[in-house]
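A quick write-up on the structure given underneath.
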Amino acid sequence: MKILVAVKRVVDANVKVRVKPDNSDVELNNVKMAINPFCEIAIEEAIRLKESGVASEVVVVSAGSNECQEQLRTALALGADRAIQIATDETLQPLAIAKLLNAVVEREQPGLVIMGKQSIDGDNNQTGQMLAALSGMPQGTFASEVKLEGEELLVTREVDGGLQQVGLKLPALVTTDLRLNEPRYASLPNIMKAKRKPLAQLTPDDLGVDVTPRLTTLKVSNPPERAAGTMVSTVSELVEKLKTEAGVL
Amino acid sequence: MTILVIAEHDNQTLKAATAHALSAAKEIAAQTGGEVSLLVAGHNCGAAAEAAAAVPGIAKVLLADSAALAQQLPENLAPALVSLVQAQAVTHLLAASTTQGKNLLPRVAALLDVAQVSDITEVVDGDTYVRPIYAGNALATVQSSDSVKVITVRTTAFEAAELSGGQAAVATQEEASDAGLSRFISEEVSQSDRPELTSARIIISGGRGMQSGDNFPLLEKVADKIGAAVGASRAAVDSGFVPNDMQVGQTGKIVAPDLYIAVGISGAIQHLAGMKDSKVIVAINKDDEAPIFGVADYGLKADLFEALPELEQLL
Ligand SMILES: Cc1cc2nc3c(=O)[nH]c(=O)nc-3n(C[C@H](O)[C@H](O)[C@H](O)COP(=O)(O)OP(=O)(O)OC[C@H]3O[C@@H](n4cnc5c(N)ncnc54)[C@H](O)[C@@H]3O)c2cc1C
Ligand SMILES: Nc1ncnc2c1ncn2[C@@H]1O[C@H](COP(=O)(O)O)[C@@H](O)[C@H]1O
């Protein structure tokens, strides 16, 4: 079975971004970039499925400007077999990305697509569900366990009330949650080897997809600041303040 | 012009999240002159539809009751919703930003060929919404040019709407069909007598500093004295101290209680994203450099293993 993994280049999870003074966007110049953490989990899951003999090939795909080749190379170093960049400098929104990925799905015919549940920059939590809809696949979102049993993919999902198990027909789409696995690090020899693995480029035009944004960002602003609080020195002082000053107990 | 809210329910009653999504829908209605309707989809969910009919200020309840919708699997529910949107001239489709809403709505949006606006915190007008991005470190004001607006609502940003006192008509919808793509197998629902995290007035959360799940009773005893819900950081969940549904944060639950007490939690961006809109924040941490103190109204530098038993005593 072939597995397609979609990865996104995002600002590193440890960076606290700042809003630009002109309120047009956040400042992304000279900030550290990385693979979206949920996509790292997706890559790891695909590689484990290959290592256990369930998958035969792992293809990673990312849509964006040439910088995202860096994240594709990392995915190759982690163990993916080949990479596809959907090259464009346009701003991409989830629906457009889902359409681009759907065109890749049509070409590659994977048995399983694994994606992150959420990109930590846009916090959209949409693209996987949208791709599943467009490709007519069932979706196992927010997965904490994935197991192939015969022709059925068993997915344990993290839901608000606890855990849910669903069975999906193949081909299927999974989006990862934090507990699915713990991603490995790329070793130096593998980073070197990854440089020679194939990385193909396609454009939205090649795929016949119109990526015109549907949403216009009118402004990006700072959230309200919290005023600095006070330190208390004892538990009894804390309780006292919560009762009288804050009035919440 | 219908603003349709997808009710979240357990076939019997409406879940609290629905009341918050309704509020956002009413704000949109006030801006656009549309009318708000509620959809109850499921199987044997007549009681939930009756509960929905009692919601004041809505035009009607759409009841989609069929075996194929029993577990509200998105593979079956999304196509049914597409038909509804077209038949009812829906201009805005809303759901609460719960795992259920997040799972379903993007699938509907894609089938309708429209964008989704995720997790809105403010309605500017019928086309324009505010939503947090980058773990809440920025707020984006976005305008949609699509004919149907598909929206998930951050429940903490909208007051709960009144759920009783009304009398709306219930319109039964066509039988939905099973797409044959997926099946529900089982659900393990965490049982607790404490309030639900997302609707609790007080929350006390534990982090890696708790060291083990065996120490969580220290928090729970405090929680039970003040009627609080118990939450956790990702580190506490990943370490297996507590189940996943207790995670508060950017990628867990978003909460905004009157009082949030963070115990043994450092205050990473991702955790703050889930609780920094709480009215009053208390932090108990042994490291006075912990970033959580930067957002806390009251900080106590202390060892939690001493502070928690004392807190329990004094409450
Ligand atoms: C993609 C992604 C998504 C994430 N999503 C979330 C999310 O939704 N929610 C979330 O919480 N995190 C999330 N995180 C993780 C986040 O970055 C932090 O790693 C996590 O919040 C840390 O948890 P913690 O504060 O419990 O642990 P730590 O950062 O290890 O802090 C433990 C704290 O306990 C204190 N402590 C230790 N012992 C004691 C004691 N005896 N008495 C008092 N204090 C003590 C320490 O001083 C320290 O401040 C996410 C990370 C990523 C990359
Ligand atoms: N530009 C992109 N290229 C490839 N995959 C993407 C891209 N953007 C989002 N994705 C995938 O969609 C997931 C969810 O993203 P989002 O819907 O933006 O929260 C990510 O974790 C990726 O797997």
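Please note that chains go A, B, ... in the order of the structure tokens, that every chain numbers its residues from 1, and that ligands are numbered from 1 in the order shown.
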| Do you know which residues are within 7 Å of ligand 1 using only C-alpha atoms and all ligand atoms? Can you write them as an MDAnalysis selection string? | (chainID A and resid 13 37:38 120) or (chainID B and resid 206:210 232:236 247:253 263:271 274 284:287 290 302:305)
Could you produce a table of the residues of stretch 136-190 of chain A lying within 7 Å of stretch 164-183 of chain B, with the nearest pair of atoms per residue and their separation in Å rounded to one decimal, using only C-alpha atoms, ordered by chain and increasing residue number, as a Markdown table?
| residue | atom | partner | partner_atom | distance |
| --- | --- | --- | --- | --- |
| A:Pro138 | CA | B:Leu181 | CA | 5.5 |
| A:Val166 | CA | B:Arg183 | CA | 5.6 |
| A:Gly167 | CA | B:Arg183 | CA | 5.1 |
| A:Leu168 | CA | B:Ser182 | CA | 4.5 |
| A:Lys169 | CA | B:Leu181 | CA | 5.4 |
| task | Using only C-alpha atoms, determine which residues lie at most 10 Å from B:Val61, disregarding the query and same-chain residues fewer than 3 positions distant; provide the list as a PyMOL selection string. | result | chain B and resi 4-5+7+36-40+49-55+58+64+167-172
| said: Residues of chain A were defined as contacting chain B if any atom lay at most 6 Å from it, counting only C-alpha atoms; please report them as a PyMOL selection string. | reply: chain A and resi 95+121-124+126+129-130+133+138+159-169+214-223+229-232
Write out as a short mmCIF file (atom, residue, chain, number, x, y, z; two decimals) with N, CA, C and O atoms, in the first residue's frame the residues lying within 10 Å of A:Arg107, counting only C-alpha atoms and excluding same-chain residues fewer than 5 positions away.
data_model
loop_
_atom_site.label_atom_id
_atom_site.label_comp_id
_atom_site.auth_asym_id
_atom_site.auth_seq_id
_atom_site.Cartn_x
_atom_site.Cartn_y
_atom_site.Cartn_z
N LEU A 101 -4.15 18.82 -3.17
CA LEU A 101 -3.81 17.49 -2.67
C LEU A 101 -4.71 16.44 -3.32
O LEU A 101 -4.26 15.33 -3.61
N ASN A 102 -5.95 16.81 -3.58
CA ASN A 102 -6.86 15.87 -4.22
C ASN A 102 -6.36 15.50 -5.62
O ASN A 102 -6.45 14.35 -6.05
N LEU A 207 -1.85 20.86 -12.14
CA LEU A 207 -2.89 20.06 -11.49
C LEU A 207 -4.29 20.58 -11.83
O LEU A 207 -5.29 20.00 -11.41
#
| field | Which residue of A:Leu238, A:Ile191, A:Ile97, A:Leu199 approaches ligand 2 most closely, using only C-alpha atoms and all ligand atoms | value |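 Of A:Leu238, A:Ile191, A:Ile97, A:Leu199, the one nearest ligand 2 is A:Ile97, counting only C-alpha atoms and all ligand atoms.
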| Rounded to one decimal in Å, what is the spacing between atom CA of A:Ala77 and atom CA of A:Pro94? | 26.5 Å
| request: Give the alpha helix (DSSP H) residues of stretch 93-235 of chain A, as assigned by DSSP on the backbone, as an MDAnalysis selection string. | output: chainID A and resid 94:108 127:135 188:194 204:207 235
Enumerate as a PDB file with N, CA and C atoms, in the first residue's frame the residues within 8 Å of ligand 2, counting only C-alpha atoms and all ligand atoms.
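Everything below was put into part.pdb:
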ATOM      1  N   VAL A   5       1.637  11.448   2.569  1.00  0.00           N
ATOM      2  CA  VAL A   5       1.654  12.279   3.774  1.00  0.00           C
ATOM      3  C   VAL A   5       1.778  13.741   3.350  1.00  0.00           C
ATOM      4  N   ALA A   6       0.873  14.580   3.836  1.00  0.00           N
ATOM      5  CA  ALA A   6       0.924  16.008   3.497  1.00  0.00           C
ATOM      6  C   ALA A   6       1.581  16.772   4.632  1.00  0.00           C
ATOM      7  N   VAL A   7       2.609  17.551   4.294  1.00  0.00           N
ATOM      8  CA  VAL A   7       3.322  18.286   5.341  1.00  0.00           C
ATOM      9  C   VAL A   7       3.335  19.783   5.036  1.00  0.00           C
ATOM     10  N   LYS A   8       3.322  20.543   6.115  1.00  0.00           N
ATOM     11  CA  LYS A   8       3.303  21.998   5.964  1.00  0.00           C
ATOM     12  C   LYS A   8       4.508  22.608   6.671  1.00  0.00           C
ATOM     13  N   ARG A   9       5.063  23.618   6.037  1.00  0.00           N
ATOM     14  CA  ARG A   9       6.132  24.400   6.658  1.00  0.00           C
ATOM     15  C   ARG A   9       5.474  25.500   7.480  1.00  0.00           C
ATOM     16  N   ASN A  36       5.321  21.388  10.534  1.00  0.00           N
ATOM     17  CA  ASN A  36       4.217  21.433  11.483  1.00  0.00           C
ATOM     18  C   ASN A  36       4.271  20.176  12.360  1.00  0.00           C
ATOM     19  N   PRO A  37       4.260  20.335  13.708  1.00  0.00           N
ATOM     20  CA  PRO A  37       4.434  19.164  14.582  1.00  0.00           C
ATOM     21  C   PRO A  37       3.454  18.016  14.297  1.00  0.00           C
ATOM     22  N   PHE A  38       2.228  18.338  13.951  1.00  0.00           N
ATOM     23  CA  PHE A  38       1.270  17.265  13.657  1.00  0.00           C
ATOM     24  C   PHE A  38       1.645  16.518  12.376  1.00  0.00           C
ATOM     25  N   CYS A  39       2.315  17.221  11.458  1.00  0.00           N
ATOM     26  CA  CYS A  39       2.773  16.567  10.219  1.00  0.00           C
ATOM     27  C   CYS A  39       3.953  15.646  10.511  1.00  0.00           C
ATOM     28  N   ALA A  42       2.532  12.595  11.497  1.00  0.00           N
ATOM     29  CA  ALA A  42       1.982  11.894  10.315  1.00  0.00           C
ATOM     30  C   ALA A  42       3.099  11.141   9.582  1.00  0.00           C
ATOM     31  N   VAL A  61       4.159  15.199   0.438  1.00  0.00           N
ATOM     32  CA  VAL A  61       3.799  16.288  -0.458  1.00  0.00           C
ATOM     33  C   VAL A  61       3.607  17.559   0.356  1.00  0.00           C
ATOM     34  N   SER A  62       4.072  18.675  -0.202  1.00  0.00           N
ATOM     35  CA  SER A  62       3.845  19.957   0.446  1.00  0.00           C
ATOM     36  C   SER A  62       3.538  20.993  -0.613  1.00  0.00           C
ATOM     37  N   ALA A  63       2.620  21.883  -0.320  1.00  0.00           N
ATOM     38  CA  ALA A  63       2.288  22.953  -1.243  1.00  0.00           C
ATOM     39  C   ALA A  63       2.842  24.258  -0.695  1.00  0.00           C
ATOM     40  N   GLY A  64       3.569  24.980  -1.527  1.00  0.00           N
ATOM     41  CA  GLY A  64       4.117  26.255  -1.079  1.00  0.00           C
ATOM     42  C   GLY A  64       5.310  26.670  -1.899  1.00  0.00           C
ATOM     43  N   ILE A  86       4.264  21.044  -4.515  1.00  0.00           N
ATOM     44  CA  ILE A  86       3.337  21.786  -5.366  1.00  0.00           C
ATOM     45  C   ILE A  86       3.774  23.231  -5.248  1.00  0.00           C
ATOM     46  N   LEU A  92      -2.012  30.244   0.172  1.00  0.00           N
ATOM     47  CA  LEU A  92      -2.904  29.097   0.004  1.00  0.00           C
ATOM     48  C   LEU A  92      -3.826  28.955   1.212  1.00  0.00           C
ATOM     49  N   GLN A  93      -5.115  28.801   0.941  1.00  0.00           N
ATOM     50  CA  GLN A  93      -6.065  28.550   2.017  1.00  0.00           C
ATOM     51  C   GLN A  93      -6.482  27.073   1.990  1.00  0.00           C
ATOM     52  N   PRO A  94      -6.995  26.568   3.118  1.00  0.00           N
ATOM     53  CA  PRO A  94      -7.274  25.128   3.217  1.00  0.00           C
ATOM     54  C   PRO A  94      -8.044  24.521   2.043  1.00  0.00           C
ATOM     55  N   ILE A  97      -5.705  24.125  -0.827  1.00  0.00           N
ATOM     56  CA  ILE A  97      -4.718  23.071  -0.538  1.00  0.00           C
ATOM     57  C   ILE A  97      -5.365  21.705  -0.693  1.00  0.00           C
ATOM     58  N   ALA A  98      -6.589  21.579  -0.190  1.00  0.00           N
ATOM     59  CA  ALA A  98      -7.299  20.300  -0.306  1.00  0.00           C
ATOM     60  C   ALA A  98      -7.506  19.941  -1.777  1.00  0.00           C
ATOM     61  N   LEU A 101      -4.145  18.825  -3.171  1.00  0.00           N
ATOM     62  CA  LEU A 101      -3.810  17.486  -2.668  1.00  0.00           C
ATOM     63  C   LEU A 101      -4.705  16.443  -3.318  1.00  0.00           C
ATOM     64  N   ILE A 114      -2.170  10.421   5.234  1.00  0.00           N
ATOM     65  CA  ILE A 114      -2.041  10.852   6.631  1.00  0.00           C
ATOM     66  C   ILE A 114      -1.652  12.329   6.655  1.00  0.00           C
ATOM     67  N   MET A 115      -2.360  13.091   7.455  1.00  0.00           N
ATOM     68  CA  MET A 115      -2.104  14.520   7.575  1.00  0.00           C
ATOM     69  C   MET A 115      -2.121  14.915   9.041  1.00  0.00           C
ATOM     70  N   GLY A 116      -1.714  16.147   9.328  1.00  0.00           N
ATOM     71  CA  GLY A 116      -1.839  16.657  10.692  1.00  0.00           C
ATOM     72  C   GLY A 116      -3.273  17.078  10.939  1.00  0.00           C
ATOM     73  N   LYS A 117      -3.677  17.110  12.223  1.00  0.00           N
ATOM     74  CA  LYS A 117      -5.054  17.552  12.473  1.00  0.00           C
ATOM     75  C   LYS A 117      -5.148  19.056  12.357  1.00  0.00           C
ATOM     76  N   GLN A 118      -4.032  19.738  12.506  1.00  0.00           N
ATOM     77  CA  GLN A 118      -4.102  21.197  12.625  1.00  0.00           C
ATOM     78  C   GLN A 118      -2.749  21.773  12.304  1.00  0.00           C
ATOM     79  N   SER A 119      -2.728  22.869  11.564  1.00  0.00           N
ATOM     80  CA  SER A 119      -1.455  23.551  11.407  1.00  0.00           C
ATOM     81  C   SER A 119      -1.359  24.591  12.508  1.00  0.00           C
ATOM     82  N   ILE A 120      -0.198  24.681  13.151  1.00  0.00           N
ATOM     83  CA  ILE A 120      -0.097  25.512  14.349  1.00  0.00           C
ATOM     84  C   ILE A 120       0.060  26.987  14.023  1.00  0.00           C
ATOM     85  N   ASP A 121       0.097  27.343  12.739  1.00  0.00           N
ATOM     86  CA  ASP A 121       0.091  28.777  12.406  1.00  0.00           C
ATOM     87  C   ASP A 121      -1.346  29.271  12.208  1.00  0.00           C
ATOM     88  N   GLY A 122      -2.032  28.680  11.234  1.00  0.00           N
ATOM     89  CA  GLY A 122      -3.402  29.119  10.962  1.00  0.00           C
ATOM     90  C   GLY A 122      -4.439  28.536  11.904  1.00  0.00           C
ATOM     91  N   ASP A 123      -4.067  27.457  12.632  1.00  0.00           N
ATOM     92  CA  ASP A 123      -5.017  26.785  13.531  1.00  0.00           C
ATOM     93  C   ASP A 123      -6.359  26.502  12.845  1.00  0.00           C
ATOM     94  N   ASN A 124      -6.314  26.048  11.602  1.00  0.00           N
ATOM     95  CA  ASN A 124      -7.551  25.851  10.845  1.00  0.00           C
ATOM     96  C   ASN A 124      -8.287  24.560  11.177  1.00  0.00           C
ATOM     97  N   ASN A 125      -7.531  23.479  11.269  1.00  0.00           N
ATOM     98  CA  ASN A 125      -8.133  22.161  11.482  1.00  0.00           C
ATOM     99  C   ASN A 125      -9.204  21.863  10.423  1.00  0.00           C
ATOM    100  N   GLN A 126      -8.826  21.958   9.158  1.00  0.00           N
ATOM    101  CA  GLN A 126      -9.800  21.794   8.072  1.00  0.00           C
ATOM    102  C   GLN A 126      -9.305  20.913   6.931  1.00  0.00           C
ATOM    103  N   THR A 127      -8.038  21.042   6.564  1.00  0.00           N
ATOM    104  CA  THR A 127      -7.579  20.561   5.265  1.00  0.00           C
ATOM    105  C   THR A 127      -7.806  19.055   5.092  1.00  0.00           C
ATOM    106  N   GLY A 128      -7.547  18.274   6.136  1.00  0.00           N
ATOM    107  CA  GLY A 128      -7.736  16.823   6.036  1.00  0.00           C
ATOM    108  C   GLY A 128      -9.188  16.469   5.747  1.00  0.00           C
ATOM    109  N   THR A 175      -6.156  12.027  10.184  1.00  0.00           N
ATOM    110  CA  THR A 175      -5.405  13.182  10.690  1.00  0.00           C
ATOM    111  C   THR A 175      -4.916  12.856  12.097  1.00  0.00           C
ATOM    112  N   THR A 176      -3.700  13.300  12.391  1.00  0.00           N
ATOM    113  CA  THR A 176      -3.015  12.848  13.601  1.00  0.00           C
ATOM    114  C   THR A 176      -3.302  13.726  14.806  1.00  0.00           C
TER     115      THR A 176
END
| said: Here is a test: counting only C-alpha atoms, which residue of A:Ala227, A:Ala75, A:Leu4, A:Val11 is nearest to A:Val104? | reply: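 Between A:Ala227, A:Ala75, A:Leu4, A:Val11, the residue approaching A:Val104 most closely is A:Leu4.
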| task | Find the residues near A:Ala143: any atom within 8 Å, counting only C-alpha atoms, skip ones fewer than 5 places away on the same chain, and give them as a ChimeraX atom specification. | result | /A:155-158,174-177,179-180
| query | B:His92, B:Arg154, B:Lys60, B:Arg194: which is nearest B:Glu122, counting only C-alpha atoms? | reply |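 Of the candidates, the smallest distance to B:Glu122 is held by B:Arg154.
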| field | atom CA of A:Ala87 to atom CA of A:Lys193, straight-line distance in Å | value |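 Atom-to-atom, atom CA of A:Lys193 and atom CA of A:Ala87 are spaced 23.0 Å apart.
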